[in-house]
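Undergrad: Sharing protein23.cif, mmCIF, C-alpha atoms:
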data_entry
loop_
_atom_site.label_atom_id
_atom_site.label_comp_id
_atom_site.auth_asym_id
_atom_site.auth_seq_id
_atom_site.Cartn_x
_atom_site.Cartn_y
_atom_site.Cartn_z
CA MET A 1 -14.57 26.30 24.99
CA ALA A 2 -17.16 23.77 26.16
CA LYS A 3 -19.62 25.09 23.58
CA THR A 4 -17.03 24.66 20.82
CA LYS A 5 -16.39 21.04 21.87
CA ASP A 6 -20.11 20.32 21.92
CA ARG A 7 -20.46 21.90 18.49
CA LEU A 8 -17.62 19.80 17.06
CA ALA A 9 -19.03 16.62 18.63
CA SER A 10 -22.46 17.43 17.19
CA LEU A 11 -21.02 17.91 13.69
CA SER A 12 -19.03 14.69 14.02
CA ASN A 13 -22.18 12.74 15.00
CA ARG A 14 -24.09 14.33 12.14
CA PHE A 15 -21.54 13.17 9.56
CA TYR A 16 -21.44 9.73 11.25
CA ASN A 17 -25.22 9.36 10.88
CA GLU A 18 -24.94 10.49 7.27
CA GLY A 19 -22.21 7.90 6.61
CA LEU A 20 -24.32 5.19 8.26
CA GLU A 21 -27.30 6.02 6.02
CA LYS A 22 -25.13 5.90 2.91
CA ALA A 23 -23.58 2.59 3.97
CA ASN A 24 -27.09 1.11 4.39
CA VAL A 25 -27.80 1.80 0.69
CA ARG A 26 -24.27 0.63 -0.33
CA ASP A 27 -23.04 4.09 -1.27
CA MET A 28 -19.60 3.12 0.03
CA THR A 29 -17.73 6.06 -1.52
CA GLY A 30 -20.16 8.55 -0.02
CA ALA A 31 -20.06 6.75 3.34
CA ILE A 32 -16.24 6.85 3.45
CA ASN A 33 -16.23 10.59 2.69
CA SER A 34 -18.83 11.31 5.38
CA LEU A 35 -17.01 9.22 8.02
CA ARG A 36 -13.71 10.92 7.24
CA ASP A 37 -15.44 14.28 7.74
CA SER A 38 -16.81 12.96 11.04
CA LEU A 39 -13.29 12.06 12.22
CA LYS A 40 -11.98 15.48 11.18
CA PHE A 41 -14.32 17.06 13.72
CA ASN A 42 -13.77 14.41 16.41
CA LYS A 43 -10.92 11.94 15.98
CA ASN A 44 -12.11 10.10 19.13
CA ASN A 45 -15.48 9.16 17.57
CA ILE A 46 -15.06 5.41 18.07
CA ASP A 47 -18.30 4.47 16.29
CA ALA A 48 -17.29 6.42 13.17
CA ARG A 49 -13.79 4.92 13.14
CA ASN A 50 -15.04 1.35 13.60
CA LEU A 51 -17.66 1.80 10.86
CA LEU A 52 -15.02 3.23 8.52
CA GLY A 53 -12.90 0.13 9.14
CA LEU A 54 -15.88 -2.12 8.37
CA ILE A 55 -16.55 -0.32 5.07
CA TYR A 56 -12.89 -0.62 4.09
CA TYR A 57 -13.03 -4.35 4.89
CA GLU A 58 -16.27 -4.78 2.94
CA THR A 59 -14.71 -3.19 -0.17
CA GLY A 60 -11.59 -5.38 0.01
CA GLU A 61 -9.28 -2.78 1.64
CA VAL A 62 -8.00 -4.89 4.54
CA VAL A 63 -4.88 -2.90 5.52
CA PRO A 64 -6.80 0.43 5.92
CA ALA A 65 -9.49 -1.47 7.85
CA LEU A 66 -6.95 -2.90 10.31
CA SER A 67 -5.39 0.56 10.60
CA GLU A 68 -8.67 2.10 11.73
CA TRP A 69 -9.41 -0.72 14.20
CA VAL A 70 -5.94 -0.60 15.76
CA ILE A 71 -6.24 3.18 16.22
CA SER A 72 -9.72 2.67 17.70
CA LYS A 73 -8.34 0.05 20.11
CA ASN A 74 -5.64 2.46 21.27
CA LEU A 75 -8.19 5.23 21.82
CA GLN A 76 -10.56 2.97 23.79
CA ALA A 77 -8.92 -0.16 25.13
CA GLU A 78 -11.96 -1.55 26.98
CA ASP A 79 -15.43 -2.45 25.70
CA ASN A 80 -14.52 -1.80 22.06
CA VAL A 81 -16.19 -3.74 19.25
CA ALA A 82 -12.96 -3.32 17.24
CA ASP A 83 -11.61 -6.29 19.26
CA ASN A 84 -14.24 -8.52 17.64
CA TYR A 85 -13.43 -7.25 14.16
CA MET A 86 -9.69 -7.86 14.59
CA ASP A 87 -10.36 -11.31 16.10
CA MET A 88 -12.48 -12.10 13.05
CA VAL A 89 -9.38 -11.63 10.88
CA ARG A 90 -6.75 -12.91 13.31
CA ASN A 91 -8.52 -16.14 14.33
CA ASN A 92 -9.21 -17.25 10.76
CA PRO A 93 -5.91 -18.40 9.20
CA SER A 94 -7.52 -19.27 5.86
CA GLU A 95 -9.11 -15.83 5.65
CA LEU A 96 -5.77 -14.19 6.50
CA GLU A 97 -4.00 -16.22 3.82
CA THR A 98 -6.68 -15.27 1.29
CA ILE A 99 -6.17 -11.60 2.18
CA ASN A 100 -2.40 -11.91 1.73
CA GLN A 101 -2.81 -13.65 -1.64
CA THR A 102 -5.32 -11.01 -2.77
CA ILE A 103 -2.96 -8.14 -1.92
CA LYS A 104 0.00 -9.89 -3.54
CA LYS A 105 -1.80 -10.70 -6.80
CA PHE A 106 -3.33 -7.21 -7.04
CA ASN A 107 0.15 -5.68 -6.67
CA ILE A 108 1.43 -8.04 -9.38
CA ALA A 109 -1.42 -6.89 -11.66
CA LEU A 110 -0.45 -3.25 -11.03
CA ASN A 111 3.17 -4.06 -11.91
CA TYR A 112 2.03 -5.71 -15.14
CA CYS A 113 0.06 -2.55 -16.00
CA HIS A 114 3.18 -0.42 -15.42
CA GLN A 115 5.10 -2.80 -17.70
CA ASP A 116 2.33 -2.59 -20.36
CA SER A 117 1.69 -6.36 -20.01
CA LEU A 118 -2.07 -5.81 -19.99
CA ASP A 119 -3.09 -9.39 -20.87
CA LEU A 120 -1.15 -10.73 -17.86
CA ALA A 121 -2.71 -8.01 -15.70
CA VAL A 122 -6.20 -9.20 -16.72
CA ILE A 123 -5.29 -12.78 -15.75
CA GLN A 124 -4.04 -11.66 -12.31
CA LEU A 125 -7.14 -9.53 -11.68
CA LYS A 126 -9.40 -12.49 -12.46
CA LYS A 127 -7.44 -14.49 -9.85
CA VAL A 128 -7.88 -11.62 -7.36
CA LEU A 129 -11.65 -11.55 -7.89
CA SER A 130 -11.88 -15.33 -7.60
CA LEU A 131 -10.35 -14.92 -4.12
CA ASN A 132 -12.34 -11.80 -3.14
CA SER A 133 -15.28 -10.87 -5.36
CA LYS A 134 -15.94 -7.73 -3.25
CA PHE A 135 -12.61 -6.06 -4.08
CA ILE A 136 -13.94 -2.94 -5.81
CA LYS A 137 -10.54 -1.67 -6.96
CA ALA A 138 -9.96 -4.94 -8.82
CA HIS A 139 -13.36 -4.66 -10.58
CA LEU A 140 -12.60 -1.06 -11.60
CA LEU A 141 -9.09 -1.83 -12.88
CA LEU A 142 -10.39 -4.84 -14.83
CA ALA A 143 -13.16 -2.69 -16.37
CA LEU A 144 -10.57 -0.09 -17.39
CA LEU A 145 -8.40 -2.76 -19.05
CA TYR A 146 -11.42 -4.11 -20.92
CA LEU A 147 -12.23 -0.57 -22.12
CA ASN A 148 -8.64 -0.18 -23.28
CA ASN A 149 -8.90 -3.45 -25.25
CA GLY A 150 -12.24 -2.47 -26.80
CA ASN A 151 -14.08 -5.26 -24.95
CA TRP A 152 -17.13 -3.10 -24.19
CA ASP A 153 -19.46 -5.91 -23.04
CA ARG A 154 -17.08 -7.18 -20.36
CA ALA A 155 -16.16 -3.65 -19.29
CA LYS A 156 -19.86 -2.94 -18.77
CA ILE A 157 -20.28 -6.12 -16.69
CA GLU A 158 -17.33 -5.25 -14.41
CA ALA A 159 -18.54 -1.65 -13.98
CA GLN A 160 -22.03 -2.93 -13.05
CA LYS A 161 -20.49 -5.31 -10.49
CA ALA A 162 -18.55 -2.42 -8.96
CA LEU A 163 -21.72 -0.30 -8.80
CA LYS A 164 -23.58 -3.15 -7.15
CA LEU A 165 -20.91 -3.17 -4.42
CA ASP A 166 -20.61 0.65 -4.26
CA SER A 167 -23.51 2.59 -5.75
CA GLY A 168 -21.63 5.87 -5.26
CA SER A 169 -18.47 4.93 -7.22
CA VAL A 170 -17.84 7.77 -9.69
CA LEU A 171 -15.26 5.73 -11.63
CA ALA A 172 -17.67 2.81 -12.06
CA LYS A 173 -20.36 5.18 -13.39
CA ARG A 174 -17.86 6.77 -15.77
CA TYR A 175 -16.70 3.37 -17.11
CA LEU A 176 -20.30 2.19 -17.49
CA LYS A 177 -21.21 5.33 -19.45
CA GLU A 178 -18.18 4.87 -21.70
CA ALA A 179 -19.07 1.21 -22.38
CA ASP A 180 -22.72 2.10 -23.11
CA SER A 181 -21.68 4.91 -25.46
CA MET A 182 -19.53 2.46 -27.47
CA LEU A 183 -22.16 -0.30 -27.49
CA LEU A 184 -25.06 2.05 -28.42
CA PRO A 185 -23.60 5.20 -30.06
CA GLY A 186 -25.91 8.02 -31.25
CA GLU A 187 -28.80 9.81 -29.60
CA SER A 188 -31.40 7.24 -30.61
CA GLY A 189 -29.41 4.35 -29.17
CA LYS A 190 -29.22 2.59 -32.59
CA LEU A 191 -26.11 1.12 -34.15
CA VAL A 192 -25.03 2.60 -37.50
CA SER A 193 -25.36 -0.80 -39.17
CA ASP A 194 -28.94 -1.01 -37.89
CA VAL A 195 -29.78 2.31 -39.56
CA ALA A 196 -28.40 1.12 -42.87
CA ALA A 197 -30.30 -2.13 -42.59
CA SER A 198 -33.48 -0.25 -41.81
CA GLU A 199 -33.14 1.73 -45.04
CA SER A 200 -32.52 -1.31 -47.26
CA ASP A 201 -34.74 -3.90 -45.54
CA ASP A 202 -38.49 -3.78 -45.14
CA VAL A 203 -38.22 -3.67 -41.36
CA ILE A 204 -38.03 -1.10 -38.58
CA ARG A 205 -35.40 -1.66 -35.85
CA TYR A 206 -35.27 0.17 -32.54
CA ASN A 207 -34.06 -0.41 -28.94
CA SER A 208 -36.42 -0.95 -26.01
CA GLY A 209 -34.41 -1.03 -22.80
CA ASN A 210 -31.69 -3.66 -23.33
CA GLU A 211 -33.51 -5.40 -26.20
CA MET A 212 -33.59 -4.65 -29.95
CA ILE A 213 -37.07 -4.79 -31.53
CA ILE A 214 -37.33 -5.72 -35.26
CA GLN A 215 -40.75 -4.93 -36.75
CA PRO A 216 -41.69 -5.61 -40.42
CA ILE A 217 -43.27 -2.79 -42.45
CA LYS A 218 -46.83 -3.59 -43.46
CA LYS A 219 -47.63 -3.56 -47.17
CA SER A 220 -50.96 -3.44 -48.88
CA ALA A 221 -52.56 -6.59 -50.30
CA ILE A 222 -52.48 -5.19 -53.87
CA SER A 223 -48.74 -4.53 -53.84
CA ARG A 224 -48.08 -8.00 -52.45
CA SER A 225 -50.24 -9.60 -55.15
CA ASN A 226 -48.51 -7.73 -57.99
CA SER A 227 -45.13 -8.78 -56.66
CA ILE A 228 -46.15 -12.45 -56.57
CA TRP A 229 -47.46 -12.49 -60.19
CA GLY A 230 -44.32 -10.72 -61.41
CA ILE A 231 -42.11 -13.30 -59.71
CA LEU A 232 -44.08 -16.23 -61.24
CA LEU A 233 -43.90 -14.77 -64.76
CA GLY A 234 -40.16 -14.26 -64.43
CA ILE A 235 -39.69 -17.87 -63.33
CA VAL A 236 -41.63 -19.22 -66.35
CA LEU A 237 -39.67 -17.14 -68.85
CA GLY A 238 -36.37 -18.11 -67.20
CA VAL A 239 -37.14 -21.84 -67.44
CA ALA A 240 -38.06 -21.53 -71.13
CA VAL A 241 -34.82 -19.73 -72.03
CA ALA A 242 -32.78 -22.26 -70.04
CA CYS A 243 -34.35 -25.26 -71.78
CA PHE A 244 -34.03 -24.05 -75.38
CA LEU A 245 -30.93 -21.89 -75.49
CA ILE A 246 -28.67 -22.20 -72.46
CA LEU A 247 -29.01 -25.72 -71.05
CA PRO A 248 -27.02 -27.82 -73.61
CA GLN A 249 -23.99 -25.53 -73.58
CA ARG A 250 -24.25 -25.20 -69.84
CA VAL A 251 -24.09 -28.99 -69.35
CA GLN A 252 -20.90 -29.24 -71.41
CA SER A 253 -19.36 -26.29 -69.57
CA ILE A 254 -20.20 -27.85 -66.19
CA ASN A 255 -18.52 -31.16 -67.12
CA SER A 256 -15.33 -29.37 -68.18
CA SER A 257 -15.39 -27.20 -65.07
CA ASN A 258 -15.87 -30.22 -62.81
CA GLN A 259 -12.75 -31.90 -64.25
CA GLU A 260 -10.73 -28.76 -63.52
CA LYS A 261 -12.14 -28.51 -59.99
CA ILE A 262 -11.27 -32.15 -59.24
CA ALA A 263 -7.65 -31.56 -60.24
CA LYS A 264 -7.51 -28.33 -58.25
CA ILE A 265 -9.03 -30.00 -55.16
CA SER A 266 -6.43 -32.76 -55.34
CA GLU A 267 -3.61 -30.20 -55.41
CA GLU A 268 -5.16 -28.22 -52.54
CA SER A 269 -5.54 -31.40 -50.49
CA ASP A 270 -1.81 -32.13 -50.77
CA SER A 271 -0.97 -28.52 -49.89
CA LYS A 272 -3.27 -28.54 -46.85
CA SER A 273 -1.77 -31.79 -45.59
CA ALA A 274 1.66 -30.17 -45.64
CA GLN A 275 0.28 -27.03 -43.96
CA ILE A 276 -1.35 -29.14 -41.21
CA ALA A 277 2.01 -30.78 -40.47
CA MET A 278 3.67 -27.34 -40.22
CA ASN A 279 0.88 -26.06 -37.95
CA GLU A 280 1.29 -29.02 -35.65
CA GLN A 281 5.00 -28.26 -35.29
CA GLN A 282 4.23 -24.59 -34.61
CA ILE A 283 1.63 -25.55 -31.96
CA SER A 284 4.23 -27.75 -30.27
CA ARG A 285 6.72 -24.84 -30.15
CA LEU A 286 4.05 -22.47 -28.82
CA ASN A 287 3.14 -24.92 -26.05
CA GLU A 288 6.81 -25.01 -25.01
CA GLN A 289 6.89 -21.18 -24.93
CA ILE A 290 3.70 -21.12 -22.83
CA GLU A 291 5.29 -23.49 -20.31
CA GLU A 292 8.40 -21.27 -20.11
CA LEU A 293 6.31 -18.10 -19.63
CA THR A 294 4.19 -19.82 -16.98
CA ALA A 295 7.36 -20.77 -15.09
CA GLN A 296 8.57 -17.14 -15.32
CA VAL A 297 5.24 -15.84 -14.00
CA THR A 298 5.40 -18.33 -11.12
CA ASP A 299 8.94 -17.21 -10.30
CA TYR A 300 7.86 -13.58 -10.45
CA GLU A 301 4.95 -14.22 -8.09
CA GLY A 302 7.32 -15.78 -5.58
CA VAL A 303 9.46 -12.59 -5.28
CA ASP A 304 7.44 -9.59 -4.20
CA SER A 305 9.03 -7.33 -1.59
CA THR A 306 5.88 -5.25 -1.04
CA SER A 307 3.75 -8.30 -0.23
CA ALA A 308 6.50 -9.65 2.07
CA ALA A 309 6.60 -6.32 3.89
CA MET A 310 2.82 -6.34 4.35
CA ASN A 311 2.95 -9.88 5.69
CA SER A 312 5.71 -8.92 8.16
CA LEU A 313 3.84 -5.84 9.37
CA MET A 314 0.53 -7.69 9.80
CA LYS A 315 2.30 -10.46 11.73
CA ALA A 316 3.94 -7.88 14.02
CA VAL A 317 0.59 -6.13 14.62
CA ASP A 318 -0.98 -9.50 15.42
CA ILE A 319 1.77 -10.25 17.99
CA TYR A 320 1.39 -6.76 19.51
CA MET A 321 -2.38 -7.14 19.90
CA GLU A 322 -1.93 -10.56 21.48
CA ASP A 323 0.94 -9.65 23.82
CA SER A 324 2.38 -6.13 23.68
CA SER A 325 5.35 -7.19 25.86
CA ASN A 326 6.55 -9.81 23.35
CA ILE A 327 9.34 -7.61 21.96
CA GLU A 328 11.39 -10.57 20.74
CA GLY A 329 8.46 -11.93 18.72
CA MET A 330 7.79 -8.55 17.12
CA ALA A 331 11.46 -8.15 16.28
CA ASP A 332 11.48 -11.56 14.57
CA ALA A 333 8.30 -10.67 12.63
CA MET A 334 9.76 -7.38 11.38
CA ALA A 335 13.24 -8.73 10.64
CA GLY A 336 12.57 -8.76 6.87
CA LEU A 337 10.83 -5.37 6.77
CA ASP A 338 12.86 -2.89 4.73
CA LEU A 339 10.99 0.39 4.28
CA ASP A 340 13.73 1.87 2.07
CA ALA A 341 13.28 -0.93 -0.48
CA ILE A 342 9.50 -0.56 -0.72
CA SER A 343 8.97 3.13 0.08
CA GLY A 344 7.54 3.84 -3.38
CA ASP A 345 5.10 0.93 -3.39
CA VAL A 346 3.31 1.05 -0.04
CA SER A 347 0.04 2.86 0.61
CA PRO A 348 -0.39 5.75 3.09
CA GLU A 349 -2.45 3.40 5.29
CA PHE A 350 0.48 0.95 5.43
CA THR A 351 2.85 3.77 6.46
CA ALA A 352 0.39 5.02 9.10
CA LEU A 353 0.04 1.54 10.60
CA TYR A 354 3.84 1.12 10.63
CA ASP A 355 4.37 4.54 12.29
CA MET A 356 1.72 3.78 14.92
CA LEU A 357 3.38 0.44 15.77
CA MET A 358 6.82 2.06 15.94
CA THR A 359 5.47 4.72 18.32
CA LYS A 360 4.31 1.94 20.66
CA VAL A 361 7.18 -0.54 20.50
CA GLY A 362 10.06 1.23 18.69
CA PRO A 363 12.00 2.25 21.82
CA ASP A 364 11.68 -1.24 23.32
CA LEU A 365 12.84 -2.85 20.06
CA ALA A 366 15.80 -0.44 19.91
CA LYS A 367 16.80 -1.25 23.51
CA SER A 368 16.65 -4.99 22.83
CA TYR A 369 18.79 -4.70 19.69
CA TYR A 370 21.25 -2.35 21.48
CA ASN A 371 21.80 -4.78 24.37
CA THR A 372 22.42 -7.65 21.97
CA GLY A 373 24.73 -5.55 19.77
CA TYR A 374 26.70 -4.08 22.70
CA ASP A 375 27.26 -7.54 24.22
CA ALA A 376 28.46 -8.83 20.83
CA TYR A 377 30.79 -5.81 20.51
CA LYS A 378 32.34 -6.52 23.90
CA ALA A 379 32.74 -10.16 22.89
CA GLU A 380 34.48 -9.00 19.67
CA ASN A 381 31.74 -10.59 17.53
CA TYR A 382 31.63 -7.54 15.27
CA GLU A 383 29.39 -8.95 12.53
CA VAL A 384 26.55 -9.61 15.01
CA ALA A 385 27.26 -6.28 16.73
CA ILE A 386 26.96 -4.31 13.46
CA THR A 387 23.67 -5.99 12.52
CA ASN A 388 22.01 -5.39 15.89
CA LEU A 389 23.35 -1.86 16.50
CA ALA A 390 22.17 -0.79 13.02
CA LYS A 391 18.71 -2.12 13.88
CA ALA A 392 18.79 -0.30 17.22
CA TYR A 393 19.53 3.02 15.48
CA GLN A 394 16.82 2.34 12.90
CA TYR A 395 14.20 2.00 15.64
CA ASP A 396 15.57 4.83 17.83
CA ASN A 397 17.71 7.47 16.10
CA THR A 398 17.73 9.72 19.18
CA ASN A 399 20.14 7.54 21.19
CA VAL A 400 23.74 8.51 20.42
CA ASN A 401 25.08 5.23 21.90
CA ASN A 402 23.35 3.22 19.13
CA LEU A 403 25.27 5.14 16.47
CA TYR A 404 28.59 5.58 18.32
CA TYR A 405 29.08 1.89 19.11
CA LEU A 406 28.02 1.02 15.56
CA GLY A 407 30.96 3.14 14.35
CA ASN A 408 33.29 1.42 16.87
CA ALA A 409 32.13 -2.00 15.62
CA TYR A 410 32.88 -1.04 11.99
CA TYR A 411 36.28 0.36 13.04
CA ALA A 412 37.17 -2.76 15.03
CA SER A 413 36.10 -5.02 12.14
CA GLY A 414 38.47 -3.18 9.76
CA ASP A 415 35.78 -1.44 7.67
CA THR A 416 37.22 2.06 8.06
CA ASP A 417 35.12 3.58 5.26
CA LYS A 418 31.86 2.68 7.03
CA ALA A 419 33.37 3.69 10.37
CA LYS A 420 34.22 7.19 9.02
CA GLU A 421 30.70 7.53 7.65
CA VAL A 422 29.12 6.61 11.01
CA PHE A 423 31.50 8.80 13.07
CA ASP A 424 30.69 11.74 10.76
CA ALA A 425 27.00 11.10 11.48
CA VAL A 426 27.69 11.11 15.26
CA ILE A 427 29.44 14.50 15.02
CA THR A 428 26.69 15.95 12.78
CA ASN A 429 23.62 14.57 14.60
CA PHE A 430 24.90 14.79 18.19
CA PRO A 431 27.21 17.84 18.44
CA ASN A 432 28.59 19.02 21.78
CA THR A 433 28.44 15.54 23.31
CA GLN A 434 31.18 13.31 24.71
CA SER A 435 30.38 10.76 21.99
CA ALA A 436 30.93 13.44 19.31
CA GLN A 437 34.33 14.32 20.84
CA ALA A 438 35.27 10.63 20.96
CA ALA A 439 34.13 10.26 17.33
CA GLU A 440 36.43 13.15 16.30
CA THR A 441 39.34 11.37 18.00
CA LYS A 442 38.51 8.13 16.15
CA LEU A 443 38.34 9.98 12.82
CA ALA A 444 41.76 11.54 13.50
CA GLU A 445 43.19 8.07 14.19
CA ILE A 446 41.74 6.71 10.95
CA ASN A 447 43.04 9.64 8.89
CA ASN A 448 46.50 9.42 10.46
CA SER A 449 46.74 5.67 9.83
CA ASN A 450 45.64 6.17 6.21
CA GLY A 451 48.11 9.04 5.79
#
Would you write the structure of this file as structure tokens?
TA:
Amino acid sequence: MAKTKDRLASLSNRFYNEGLEKANVRDMTGAINSLRDSLKFNKNNIDARNLLGLIYYETGEVVPALSEWVISKNLQAEDNVADNYMDMVRNNPSELETINQTIKKFNIALNYCHQDSLDLAVIQLKKVLSLNSKFIKAHLLLALLYLNNGNWDRAKIEAQKALKLDSGSVLAKRYLKEADSMLLPGESGKLVSDVAASESDDVIRYNSGNEMIIQPIKKSAISRSNSIWGILLGIVLGVAVACFLILPQRVQSINSSNQEKIAKISEESDSKSAQIAMNEQQISRLNEQIEELTAQVTDYEGVDSTSAAMNSLMKAVDIYMEDSSNIEGMADAMAGLDLDAISGDVSPEFTALYDMLMTKVGPDLAKSYYNTGYDAYKAENYEVAITNLAKAYQYDNTNVNNLYYLGNAYYASGDTDKAKEVFDAVITNFPNTQSAQAAETKLAEINNSNG
């Protein structure tokens, strides 16, 4: 058994060293994979977990980074560098606000993509990168949108930025290859128009690195001389024909044509003046539409349940790290957190951080809400009782009292439909208990009164 533990620890350290080497050359994807393998063999490898959090933070993934550091802190409470990393985020309000804004705007960009509003998504991603230029996911998504729009140059730039931040990003390499293949199609790296020009012009064009070289084809002195004399002879003959045969008629034709052009120009000038007036009216209407759309976008940015949930969770984690006994503060921080409303939008790292916090403080939160709800029930303040007892059952669904008194509060408030639903849950989830027997009695009373 001891040999097996030593073997696992050795493998974990090996993958940790491998991840550290990859991180030193900015192969962030490779480093993350190696550090995850290290933690598979030894989940208590504090150095590997702290380094994984740093790499997440460096690539713009703040929630996964905090997740790793909180877990590290719980595994080793004393003499843990994770304290410094969390203080770095917690003690810098402007940095924390920037992180929140980055997450919110990136989520808005994703929503725009789902709604096929790709231009608005590009605008949001530019705002994200102005706040955090190291956010690799934003660079990759922006490159993908540029590829979709056929903007190969900008897609290439974003892919190169992502590779500069993470040299091991497979997606960035794939996007860069796609952009290069569209900018320089063909095996020789020459554009089709360049080939055609090379056949018709007396030049040779080819690519050298990122530059196009244009080289004239050398001709012999004899061929150049013959061409010059031929051109001169043609000029002389042309002048003679123009002077004796064409010029008089041409002068008369030009005068007549000029009169027609003057009349036509006058008509076009009047038409263009009218068109300019119409364009100015259209521009005014478009400016009004832009203002309306901007107001809609601003309103949309202000309502984002996923971002609000992240803010609530991060605030609760901050309070827990500062004072784990401050149950009231954590309850206030998580008052607006509704997992059912955002369950499809949150990341696995968000869920893991939430579950970890609930494991630590869930029972205490449930007890606090139960005491408040029970006191309100006794005082016949059923609205407050229902709110607090529902919260108590949310944080601790193993305590039958939380659910039973919630049913009593609904029953006493006159909401018999909700009371029946809760009493049914008591009988189903807690069979063979006194509370279940009491719930059956309450259901019989409700059914008899309805009958």
Undergrad: Take the PyMOL selection byres ((chain A and resi 402) around 8), run it mentally on this structure, and tell me the resulting residues as a compact mmCIF listing (two decimals) with C-alpha atoms, in the frame of the given file.
TA:
# COMPACT_ATOMS: atom_id res chain seq x y z
CA TYR A 370 21.25 -2.35 21.48
CA LEU A 389 23.35 -1.86 16.50
CA ALA A 390 22.17 -0.79 13.02
CA ALA A 392 18.79 -0.30 17.22
CA TYR A 393 19.53 3.02 15.48
CA ASN A 397 17.71 7.47 16.10
CA ASN A 399 20.14 7.54 21.19
CA VAL A 400 23.74 8.51 20.42
CA ASN A 401 25.08 5.23 21.90
CA LEU A 403 25.27 5.14 16.47
CA TYR A 404 28.59 5.58 18.32
CA TYR A 405 29.08 1.89 19.11
CA LEU A 406 28.02 1.02 15.56
Undergrad: Output the residue selection produced by the PyMOL selection byres ((chain A and resi 147) around 12) on the file above, formatted as a PyMOL selection string.
TA: chain A and resi 118+122+140-146+148-159+172+174-183
Undergrad: Could you list the residues chosen by the PyMOL selection byres ((chain A and resi 98-102) around 9) in this structure as a PyMOL selection string?
TA: chain A and resi 60+62+93-97+103-107+127-129+131-132+135+307+310-311
Undergrad: Which protein, DNA or RNA residues have an atom at most 8 Å from (-20.6, -0.6, -3.5), counting all atoms listed in the file? List them as a PDB file with C-alpha atoms, keeping the file's coordinate frame.
TA:
ATOM      1  CA  ARG A  26     -24.270   0.630  -0.330  1.00  0.00           C
ATOM      2  CA  ASP A  27     -23.040   4.090  -1.270  1.00  0.00           C
ATOM      3  CA  MET A  28     -19.600   3.120   0.030  1.00  0.00           C
ATOM      4  CA  THR A  29     -17.730   6.060  -1.520  1.00  0.00           C
ATOM      5  CA  THR A  59     -14.710  -3.190  -0.170  1.00  0.00           C
ATOM      6  CA  ILE A 136     -13.940  -2.940  -5.810  1.00  0.00           C
ATOM      7  CA  ALA A 162     -18.550  -2.420  -8.960  1.00  0.00           C
ATOM      8  CA  LEU A 163     -21.720  -0.300  -8.800  1.00  0.00           C
ATOM      9  CA  LYS A 164     -23.580  -3.150  -7.150  1.00  0.00           C
ATOM     10  CA  LEU A 165     -20.910  -3.170  -4.420  1.00  0.00           C
ATOM     11  CA  ASP A 166     -20.610   0.650  -4.260  1.00  0.00           C
ATOM     12  CA  SER A 167     -23.510   2.590  -5.750  1.00  0.00           C
ATOM     13  CA  GLY A 168     -21.630   5.870  -5.260  1.00  0.00           C
ATOM     14  CA  SER A 169     -18.470   4.930  -7.220  1.00  0.00           C
TER      15      SER A 169
END
Undergrad: Report the distance between atom CA of A:Asn447 and atom CA of A:Asn388 in Å, rounded to one decimal place.
TA: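 Computing it gives 26.8 Å between the two atoms.
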Undergrad: Using all atoms listed in the file for the distances, tell me which of A:Pro363, A:Asp417, A:Ser72, A:Leu313 is nearest to A:Phe350.
TA: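 Using all atoms listed in the file, A:Phe350 sits closest to A:Leu313.
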Undergrad: Edge lengths and centre in Å to one decimal, as lines of an AutoDock Vina configuration file, of the axis-aligned box that encloses all listed atoms of stretch 37-43 of chain A with 4 Å added on every side?
TA:
center_x = -13.9
center_y = 14.5
center_z = 12.1
size_x = 13.9
size_y = 13.1
size_z = 16.7
Undergrad: Give as a PyMOL selection string every residue, naming chains and numbers as the document does, that has an atom within 10 Å of (20.9, -5.1, 19.4), counting all atoms listed in the file.
TA: chain A and resi 365-377+384-393+402
Undergrad: Using all atoms listed in the file, which residues sit within 12 Å of A:Pro348 once same-chain residues fewer than 5 positions away are excluded, as number ranges by chain?
TA: A: 63-64, 67, 343, 353-355
